[in-house]
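Quick notes on the structure that follows.
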Amino acid sequence: MNRDRGLRRGGTRRRLDGLPGYPAFARVALEQAEARVAAIQTGEIPYQADKAFDYWETRTLGRAVRLALYRDEPWLPALLDRLLRGVAVAPTQAKTLPSQALLFEIARAVEDHPTPEAISSLRAARRTTRHAGVPKQLDRMFKRVEPALAERLEVAFRLPDGRVRQAFGEHAAVISIDGAAELSWWHGDRKLRSVPAAVKREHPEEVKRLREQVKLVQQQQTTLARALEASYTAEEAPPYRQLEGHPIAERLIWEFEVSPGLWRSELGLNVPDVPVRPWHPARASVEEVRAWREVVQDKELRQPYKQAFREVYLLTPAEEETRDHSRRFAGHVVDYRRLRALFKARGWKSNYLGPWDGGFDGGDGRRLLAGGQWRATLDHDLYEEGYALTGQVLFHRLVEGGWRLAPLAEVPALVFSEAMRDVDLFVGVCSITADPQWADSGPDRLQEYWRTGSFAALQPSAEVRRDVLSRLIGRTAIADRCALTDRFLVVRGDLRTYKIHLGSANILMEPNDAYLCIVSARDPHAGLFLPFEEDGRLALILSKAFLLANDTAITDPSITRQIRA
């Protein structure tokens, strides 16, 4: 099984692409398969459920699809669309299909080498099939396919922008993507609060389809944003010009090489006919970073990913001494289920740790960067059930087909910064120091770790949070009650003064630094624009600040009891 997986991924490139005549054979094989399915649909070939192709034919066609997807063959999209529609539904009213095996084999091929067109065809097949179990299996596969597309920069930018305007008599449905994807209904120039009754009555299936389309468009925007983030470390510039006029591109800062070696930053893809790349704060001066943050804040510009306020990670003296590994984020106790979820969300792979036969006591999280030329690794071990302990971060370079450990000083600056940014996110979100309920629970050693880590020096992610708060607080009604220190947002209430840590969002009360446990707080600052909200910590800090600035109005006895103690 593992050998077959290797053939599907690396073997396709090394063996089949280099085999004389195989690309032409792959096309002929898929054309013949599509012709057979068409004949089944017209009745020329008698229909038998799941008998359209035998085991070896399915394997051969799977290899052909993989090669064509890998080569991004221009003839494939239309042919694959017809083939998938044909194998997904019986020519009769039966709930079976001509070849469930080939449908899933093609889906696995798309997972290995996704393209926007292939994903669209798979989704069409999912809508067409009558088999109750097939859509559920495809939905599980889509969860892996969409993120995989984000790593394939050469084709990801072909994703449609998702904007739709469809007329229904005197009404119109509009899907917009100026921020999150939104479906709205209009009567002339007037935006309606809900679906018009006549449209709901006369076009129920179209209304349902449009609602499903919004979810798909939102996923496509997420995938495209991930692809743009991944392109920071690309060794060759992807085709960014494909995004000209796209709403996502208009909300991003770009750099243009206006003369050899001289790059100028602008908002939107508006400088033609010169090399272009996404702006990154690691390539900018402190003054330029500050200026772009002001622009994003003043324009209330919701960027598709954190760009103007992006963190930068540079080599530290300690990392220069350790030479080939970083212990900057080592020794943190993290919620393992949450860590695994973040690994998946950020494109990291890992073994599953567990104290059972076949489980792993220790492992590593791995992410490929720079088009697969570099690999970042986060070591982590099983700490106790449900928790892991973070270890060192290492970088390997692909050399002659194998991975070679690289000194940190040789790692490209953006590769290092982007990988360490992910690890900071993992620790910041998953560490038990972010959970206030650990203050008085669990073993003594974990309580000591919680007390130390909850109020520690800020990592770059929290430093960015501090910068945002310095811009926001002055615009709020509680500005005269707040002050920023190196680690805390200090809030003066009428009963006590409170120090909210900018990393963990945990709270100490003056004058004796007593801990105040607030598990969550409502967000009463409606209308206050937040330039990013990646882990929810910024909104949590602000909501706690608003709550504590008016501490005499707090009625929750679990909070007032601590304040008045």
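Chain lettering (A, B, ...) mirrors the order of the structure tokens, residue numbering begins at 1 for each chain separately, and ligand numbering begins at 1 in order of display.
Once A:His396 and its same-chain neighbours fewer than 3 positions away are set aside, A:Trp374, A:Arg375, A:Ala376, A:Trp403, A:Arg404, A:Leu405, A:Ala406 remain within 7 Å of it when counting only C-alpha atoms.
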Writing out the chosen residues with N, CA, C and O atoms as a PDB file, in the first residue's frame:
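Final output, part31.pdb:
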```pdb
ATOM      1  N   TRP A 374      12.616  22.942   0.526  1.00  0.00           N
ATOM      2  CA  TRP A 374      12.969  23.040   1.945  1.00  0.00           C
ATOM      3  C   TRP A 374      11.881  22.369   2.775  1.00  0.00           C
ATOM      4  O   TRP A 374      10.706  22.371   2.401  1.00  0.00           O
ATOM      5  N   ARG A 375      12.293  21.811   3.910  1.00  0.00           N
ATOM      6  CA  ARG A 375      11.350  21.183   4.835  1.00  0.00           C
ATOM      7  C   ARG A 375      11.631  21.684   6.248  1.00  0.00           C
ATOM      8  O   ARG A 375      12.766  21.624   6.731  1.00  0.00           O
ATOM      9  N   ALA A 376      10.605  22.207   6.909  1.00  0.00           N
ATOM     10  CA  ALA A 376      10.697  22.611   8.312  1.00  0.00           C
ATOM     11  C   ALA A 376      10.105  21.507   9.176  1.00  0.00           C
ATOM     12  O   ALA A 376       9.098  20.889   8.809  1.00  0.00           O
ATOM     13  N   TRP A 403      16.941  14.475   1.846  1.00  0.00           N
ATOM     14  CA  TRP A 403      16.888  15.601   2.763  1.00  0.00           C
ATOM     15  C   TRP A 403      18.173  15.694   3.572  1.00  0.00           C
ATOM     16  O   TRP A 403      18.614  14.710   4.164  1.00  0.00           O
ATOM     17  N   ARG A 404      18.759  16.909   3.590  1.00  0.00           N
ATOM     18  CA  ARG A 404      20.007  17.147   4.313  1.00  0.00           C
ATOM     19  C   ARG A 404      19.797  18.275   5.317  1.00  0.00           C
ATOM     20  O   ARG A 404      19.304  19.346   4.967  1.00  0.00           O
ATOM     21  N   LEU A 405      20.145  17.998   6.597  1.00  0.00           N
ATOM     22  CA  LEU A 405      20.007  19.005   7.642  1.00  0.00           C
ATOM     23  C   LEU A 405      20.844  20.233   7.293  1.00  0.00           C
ATOM     24  O   LEU A 405      22.016  20.122   6.933  1.00  0.00           O
ATOM     25  N   ALA A 406      20.237  21.424   7.409  1.00  0.00           N
ATOM     26  CA  ALA A 406      20.906  22.666   6.999  1.00  0.00           C
ATOM     27  C   ALA A 406      21.168  23.551   8.213  1.00  0.00           C
ATOM     28  O   ALA A 406      20.330  23.643   9.120  1.00  0.00           O
TER      29      ALA A 406
END
```
#### Entry: Long-range neighbours of A:Glu244 as JSON, numbers by chain, 12 Å cut-off, only C-alpha atoms, 3 positions minimum in chain
{"A": [157, 158, 161, 239, 240, 241, 247, 248, 249, 250, 251, 252, 254, 268, 269, 270, 271, 272, 273, 276]}
### Message
Need to verify the contact set: A:Cys482, 9 Å, only C-alpha atoms, exclusion of same-chain residues closer than 2 positions in sequence. Can you return it as a PyMOL selection string?
### Response
chain A and resi 473-474+478-480+484+489-492+545+549
Can those selected residues be exported to a file as a PDB file, in the first residue's frame so that it contains all heavy atoms?
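This went into out-v6.pdb:
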```
ATOM      1  N   ILE A 473      -6.702  51.443  20.667  1.00  0.00           N
ATOM      2  CA  ILE A 473      -7.202  51.876  21.970  1.00  0.00           C
ATOM      3  C   ILE A 473      -7.579  53.349  21.979  1.00  0.00           C
ATOM      4  O   ILE A 473      -8.604  53.758  22.546  1.00  0.00           O
ATOM      5  CB  ILE A 473      -6.163  51.576  23.072  1.00  0.00           C
ATOM      6  CG1 ILE A 473      -6.127  50.065  23.342  1.00  0.00           C
ATOM      7  CG2 ILE A 473      -6.480  52.319  24.346  1.00  0.00           C
ATOM      8  CD1 ILE A 473      -7.420  49.503  23.895  1.00  0.00           C
ATOM      9  N   GLY A 474      -6.792  54.181  21.311  1.00  0.00           N
ATOM     10  CA  GLY A 474      -7.080  55.608  21.287  1.00  0.00           C
ATOM     11  C   GLY A 474      -8.387  55.959  20.617  1.00  0.00           C
ATOM     12  O   GLY A 474      -8.904  57.069  20.794  1.00  0.00           O
ATOM     13  N   ILE A 478     -12.832  53.745  26.020  1.00  0.00           N
ATOM     14  CA  ILE A 478     -12.096  53.479  27.260  1.00  0.00           C
ATOM     15  C   ILE A 478     -10.638  53.913  27.154  1.00  0.00           C
ATOM     16  O   ILE A 478      -9.807  53.499  27.948  1.00  0.00           O
ATOM     17  CB  ILE A 478     -12.184  51.990  27.637  1.00  0.00           C
ATOM     18  CG1 ILE A 478     -11.557  51.115  26.540  1.00  0.00           C
ATOM     19  CG2 ILE A 478     -13.617  51.576  27.928  1.00  0.00           C
ATOM     20  CD1 ILE A 478     -11.408  49.643  26.940  1.00  0.00           C
ATOM     21  N   ALA A 479     -10.329  54.753  26.167  1.00  0.00           N
ATOM     22  CA  ALA A 479      -8.936  55.141  25.926  1.00  0.00           C
ATOM     23  C   ALA A 479      -8.279  55.749  27.156  1.00  0.00           C
ATOM     24  O   ALA A 479      -7.106  55.468  27.447  1.00  0.00           O
ATOM     25  CB  ALA A 479      -8.864  56.123  24.750  1.00  0.00           C
ATOM     26  N   ASP A 480      -9.009  56.585  27.901  1.00  0.00           N
ATOM     27  CA  ASP A 480      -8.404  57.252  29.054  1.00  0.00           C
ATOM     28  C   ASP A 480      -8.197  56.305  30.231  1.00  0.00           C
ATOM     29  O   ASP A 480      -7.580  56.680  31.232  1.00  0.00           O
ATOM     30  CB  ASP A 480      -9.265  58.439  29.485  1.00  0.00           C
ATOM     31  CG  ASP A 480     -10.668  58.018  29.915  1.00  0.00           C
ATOM     32  OD1 ASP A 480     -11.100  56.915  29.519  1.00  0.00           O
ATOM     33  OD2 ASP A 480     -11.325  58.797  30.638  1.00  0.00           O
ATOM     34  N   LEU A 484      -0.452  50.899  27.598  1.00  0.00           N
ATOM     35  CA  LEU A 484       0.297  49.739  27.148  1.00  0.00           C
ATOM     36  C   LEU A 484       1.684  49.738  27.776  1.00  0.00           C
ATOM     37  O   LEU A 484       2.362  50.757  27.810  1.00  0.00           O
ATOM     38  CB  LEU A 484       0.429  49.742  25.627  1.00  0.00           C
ATOM     39  CG  LEU A 484      -0.778  49.232  24.835  1.00  0.00           C
ATOM     40  CD1 LEU A 484      -0.625  49.569  23.364  1.00  0.00           C
ATOM     41  CD2 LEU A 484      -0.937  47.712  24.990  1.00  0.00           C
ATOM     42  N   LEU A 489      -1.673  45.116  28.476  1.00  0.00           N
ATOM     43  CA  LEU A 489      -2.619  46.209  28.349  1.00  0.00           C
ATOM     44  C   LEU A 489      -3.146  46.460  29.758  1.00  0.00           C
ATOM     45  O   LEU A 489      -3.801  45.600  30.348  1.00  0.00           O
ATOM     46  CB  LEU A 489      -3.770  45.847  27.410  1.00  0.00           C
ATOM     47  CG  LEU A 489      -4.909  46.875  27.302  1.00  0.00           C
ATOM     48  CD1 LEU A 489      -4.396  48.201  26.772  1.00  0.00           C
ATOM     49  CD2 LEU A 489      -6.046  46.335  26.443  1.00  0.00           C
ATOM     50  N   VAL A 490      -2.825  47.624  30.313  1.00  0.00           N
ATOM     51  CA  VAL A 490      -3.217  47.952  31.685  1.00  0.00           C
ATOM     52  C   VAL A 490      -4.527  48.727  31.628  1.00  0.00           C
ATOM     53  O   VAL A 490      -4.638  49.743  30.938  1.00  0.00           O
ATOM     54  CB  VAL A 490      -2.126  48.788  32.384  1.00  0.00           C
ATOM     55  CG1 VAL A 490      -2.545  49.112  33.820  1.00  0.00           C
ATOM     56  CG2 VAL A 490      -0.797  48.035  32.376  1.00  0.00           C
ATOM     57  N   VAL A 491      -5.529  48.233  32.363  1.00  0.00           N
ATOM     58  CA  VAL A 491      -6.871  48.822  32.356  1.00  0.00           C
ATOM     59  C   VAL A 491      -7.222  49.273  33.769  1.00  0.00           C
ATOM     60  O   VAL A 491      -7.170  48.474  34.715  1.00  0.00           O
ATOM     61  CB  VAL A 491      -7.918  47.798  31.850  1.00  0.00           C
ATOM     62  CG1 VAL A 491      -9.309  48.434  31.821  1.00  0.00           C
ATOM     63  CG2 VAL A 491      -7.535  47.275  30.473  1.00  0.00           C
ATOM     64  N   ARG A 492      -7.589  50.540  33.903  1.00  0.00           N
ATOM     65  CA  ARG A 492      -7.960  51.080  35.208  1.00  0.00           C
ATOM     66  C   ARG A 492      -9.469  51.027  35.371  1.00  0.00           C
ATOM     67  O   ARG A 492     -10.220  51.689  34.675  1.00  0.00           O
ATOM     68  CB  ARG A 492      -7.467  52.529  35.340  1.00  0.00           C
ATOM     69  CG  ARG A 492      -7.858  53.203  36.655  1.00  0.00           C
ATOM     70  CD  ARG A 492      -7.237  54.588  36.755  1.00  0.00           C
ATOM     71  NE  ARG A 492      -7.530  55.399  35.586  1.00  0.00           N
ATOM     72  CZ  ARG A 492      -8.666  56.077  35.414  1.00  0.00           C
ATOM     73  NH1 ARG A 492      -9.626  55.995  36.328  1.00  0.00           N
ATOM     74  NH2 ARG A 492      -8.853  56.809  34.332  1.00  0.00           N
ATOM     75  N   ALA A 545     -10.873  44.051  28.202  1.00  0.00           N
ATOM     76  CA  ALA A 545     -10.571  45.434  28.565  1.00  0.00           C
ATOM     77  C   ALA A 545     -11.857  46.237  28.755  1.00  0.00           C
ATOM     78  O   ALA A 545     -11.995  46.996  29.731  1.00  0.00           O
ATOM     79  CB  ALA A 545      -9.692  46.076  27.491  1.00  0.00           C
ATOM     80  N   ALA A 549     -12.891  47.825  32.394  1.00  0.00           N
ATOM     81  CA  ALA A 549     -12.908  49.284  32.532  1.00  0.00           C
ATOM     82  C   ALA A 549     -14.165  49.746  33.243  1.00  0.00           C
ATOM     83  O   ALA A 549     -14.200  50.820  33.860  1.00  0.00           O
ATOM     84  CB  ALA A 549     -12.798  49.940  31.158  1.00  0.00           C
TER      85      ALA A 549
END
```
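Closest approach to A:Ile175 among A:Ser194, A:Ser461, A:Gln213, A:Gln93 is made by A:Gln213 (distances from only C-alpha atoms).
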### Message
Quick one: residues within 12 Å of stretch 75-79 of chain A, only C-alpha atoms, excluding same-chain residues fewer than 6 positions away - as a PyMOL selection string?
### Response
chain A and resi 23-24+26-35+37-38+64-69+85-86+110+114-122
### Query
Within 10 Å of A:Glu463, counting only C-alpha atoms, which residues qualify if same-chain residues fewer than 2 places away don't, as a PyMOL selection string?
chain A and resi 311+457-461+465-469+486-487+502-503
